[in-house]
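Chemist: First, the structure itself, so that you have it in front of you.
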Amino acid sequence: IAGITQAPTSQILAAGRRMTLRCTQDMRHNAMYWYRQDLGLGLRLIHYSNTAGTTGKGEVPDGYSVSRANTDDFPLTLASAVPSQTSVYFCASSRTGEYEQFFGPGTRLTVL
Amino acid sequence: DAKTTQPPSMDCAEGRAANLPCNHSTISGNEYVYWYRQIHSQGPQYIIHGLKNNETNEMASLIITEDRKSSTLILPHATLRDTAVYYCIVPPRGGADGLTFGKGTHLIIQP
C-alpha cells in the first residue's frame, strides 16, 4: 500500500540520549517534511527537504538534525534529547512545489 | 503565509451539512486556499484546495467568495467520523518549505 510510514510509534527517552525517528515514503515524492505538534497547538515545521541531498530549516529547527541520502527516507535525529522535545512528531511528503502533503501516523515521544 | 481566521469550534448534527468558514482577507491573487483535517491522534489529511472557482471532490466542497477574502468548506452529509480539527491554510505561491498550521476549527458531529 502506497504511503508514508514512521517508526517507532511511541518512545520514552531519558534526557541526554540520542534518538532517531524514521520516516519512509514509497510515493517517489521529492519533498519531505518533519513537524512537531504540542498539546493544544498546531503543527510546527522542524526541517524540510525539497529533494534528495538537500535540506532546509523550518520554524523550530534547534536541537534537531536531518539527512536525505535518498528519495524515500528522511530521518530526524535528536542528538541530546531534552524534556521540551516531548511532542508528537509527524513526517510528510509531497510532489515538488505542491502543498498537497501526505502525512504519516506520527511518533509520540516523551523525554524524561 | 496569508493569515487565516477560523472559529475555534463548531457543532453539527449527524447527517446535516457542516459549513466551516475561513477568513483570509490578505490573500494574494495567485495564492490557493487549502483545507486539511486532523482526526484525533492521527496525522493531518488533505481535503481540498482552490484558487477562485468552487471545487468539489469526494470528501467536500469548497466555496470561495468572489473577492477571495473568505471561503467555506462544506461537508454535505456529516458523519460521526468527520469529528476532527479542520485547518484552513493559504501557503505562499511557489514555496515548498512546509505548511503553517494555525489552531483550526474543532468540528464536533453530534449524534
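Here's how to read the names in the C-alpha cells: chain A, B, ... by the order shown, residue numbers from 1 in each chain, ligand numbers from 1 in the order shown.
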Write out as a tab-separated table a residue-level contact list of chain B versus chain A with cut-off 10 Å: for each qualifying residue the closest pair of atoms and the distance in Å to one decimal, counting only C-alpha atoms, rows sorted by chain and residue number upward.
Modeler:
```
residue	atom	partner	partner_atom	distance
B:Tyr32	CA	A:Tyr99	CA	9.4
B:Tyr34	CA	A:Tyr99	CA	7.9
B:Trp35	CA	A:Glu100	CA	9.5
B:Tyr36	CA	A:Glu100	CA	9.1
B:Ser41	CA	A:Pro105	CA	8.1
B:Gln42	CA	A:Pro105	CA	5.6
B:Gly43	CA	A:Pro105	CA	5.1
B:Pro44	CA	A:Phe103	CA	6.1
B:Gln45	CA	A:Phe103	CA	6.8
B:Tyr46	CA	A:Glu100	CA	6.3
B:Ile47	CA	A:Glu100	CA	8.8
B:Ile48	CA	A:Glu100	CA	8.5
B:His49	CA	A:Glu100	CA	8.4
B:Val85	CA	A:Gly42	CA	9.8
B:Tyr87	CA	A:Gly42	CA	9.1
B:Ile89	CA	A:Tyr99	CA	9.8
B:Val90	CA	A:Tyr99	CA	9.7
B:Pro91	CA	A:Tyr99	CA	7.6
B:Pro92	CA	A:Tyr99	CA	9.7
B:Arg93	CA	A:Gly97	CA	8.8
B:Gly94	CA	A:Gly97	CA	6.3
B:Gly95	CA	A:Gly97	CA	6.2
B:Ala96	CA	A:Gly97	CA	4.9
B:Asp97	CA	A:Tyr48	CA	6.3
B:Gly98	CA	A:Leu45	CA	6.5
B:Leu99	CA	A:Tyr99	CA	7.4
B:Thr100	CA	A:Arg44	CA	6.9
B:Phe101	CA	A:Gly42	CA	5.3
B:Gly102	CA	A:Gly42	CA	5.3
B:Lys103	CA	A:Gly42	CA	5.2
B:Gly104	CA	A:Gly42	CA	7.8
```
Chemist: Considering only C-alpha atoms, can you say which of B:Ala78, B:Val33, B:Ala60, B:Ala84 comes closest to Pro111 in chain B?
Modeler: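 Among B:Ala78, B:Val33, B:Ala60, B:Ala84, it is B:Ala78 that comes nearest to Pro111 in chain B.
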Chemist: Neighbours of Asp11 in chain B within 8 Å (only C-alpha atoms; same-chain residues fewer than 2 positions away dropped), as an mmCIF file with C-alpha atoms, in the first residue's frame?
Modeler:
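Result file follows (result_32.cif):
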```cif
data_model
loop_
_atom_site.group_PDB
_atom_site.id
_atom_site.type_symbol
_atom_site.label_atom_id
_atom_site.label_comp_id
_atom_site.auth_asym_id
_atom_site.auth_seq_id
_atom_site.Cartn_x
_atom_site.Cartn_y
_atom_site.Cartn_z
ATOM 1 C CA SER B 9 -15.155 25.213 17.486
ATOM 2 C CA ALA B 13 -25.858 17.267 13.723
ATOM 3 C CA LEU B 107 -15.814 20.336 14.447
ATOM 4 C CA ILE B 108 -17.916 18.074 16.630
ATOM 5 C CA ILE B 109 -20.592 15.992 14.942
ATOM 6 C CA GLN B 110 -23.444 15.272 17.326
#
```
Chemist: I need the residue nearest His106 in chain B from this list: B:Leu80, B:Ile39, B:Ile64, B:Ala17. Use only C-alpha atoms for the distance.
Modeler: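 Looking at the shortest contact to His106 in chain B, the residue is B:Ile39.
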Chemist: By how many Å are CA of Thr5 in chain B and CA of Pro21 in chain B apart?
Modeler: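 Taking CA of Thr5 in chain B and CA of Pro21 in chain B, their separation equals 8.6 Å.
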Chemist: For Val60 in chain A, which residue among A:Cys23, A:Ile4, A:Gln85, A:Leu112 is the nearest when counting only C-alpha atoms?
Modeler: A:Gln85
Chemist: Separation of CA of Gly3 in chain A and CA of Met27 in chain A, in Å?
Modeler: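 Interatomic distance here is 6.4 Å.
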Chemist: Using Å and a single decimal, report how far CA of Thr77 in chain A sits from CA of Gly63 in chain A.
Modeler: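 Pair CA of Gly63 in chain A / CA of Thr77 in chain A returns 8.5 Å.
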Chemist: Go through A:Arg68, A:Arg22, A:Arg36, A:His29 and flag the residue nearest Ser84 in chain A, using only C-alpha atoms for the distances.
Modeler: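 Using only C-alpha atoms, Ser84 in chain A sits closest to A:Arg36.
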Chemist: Quick check for you: according to DSSP on this backbone, which residues of range 44-88 of chain B are classed as strand (DSSP E)? Reply as a VMD selection string.
Modeler: chain B and resid 45 to 50 55 to 56 61 to 64 70 to 75 84 to 88
Chemist: Nearest residue to Asn30 in chain B out of B:Leu51, B:Cys88, B:Ile74, B:Ile63, using only C-alpha atoms?
Modeler: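 Of B:Leu51, B:Cys88, B:Ile74, B:Ile63, the one nearest Asn30 in chain B, counting only C-alpha atoms, is B:Leu51.
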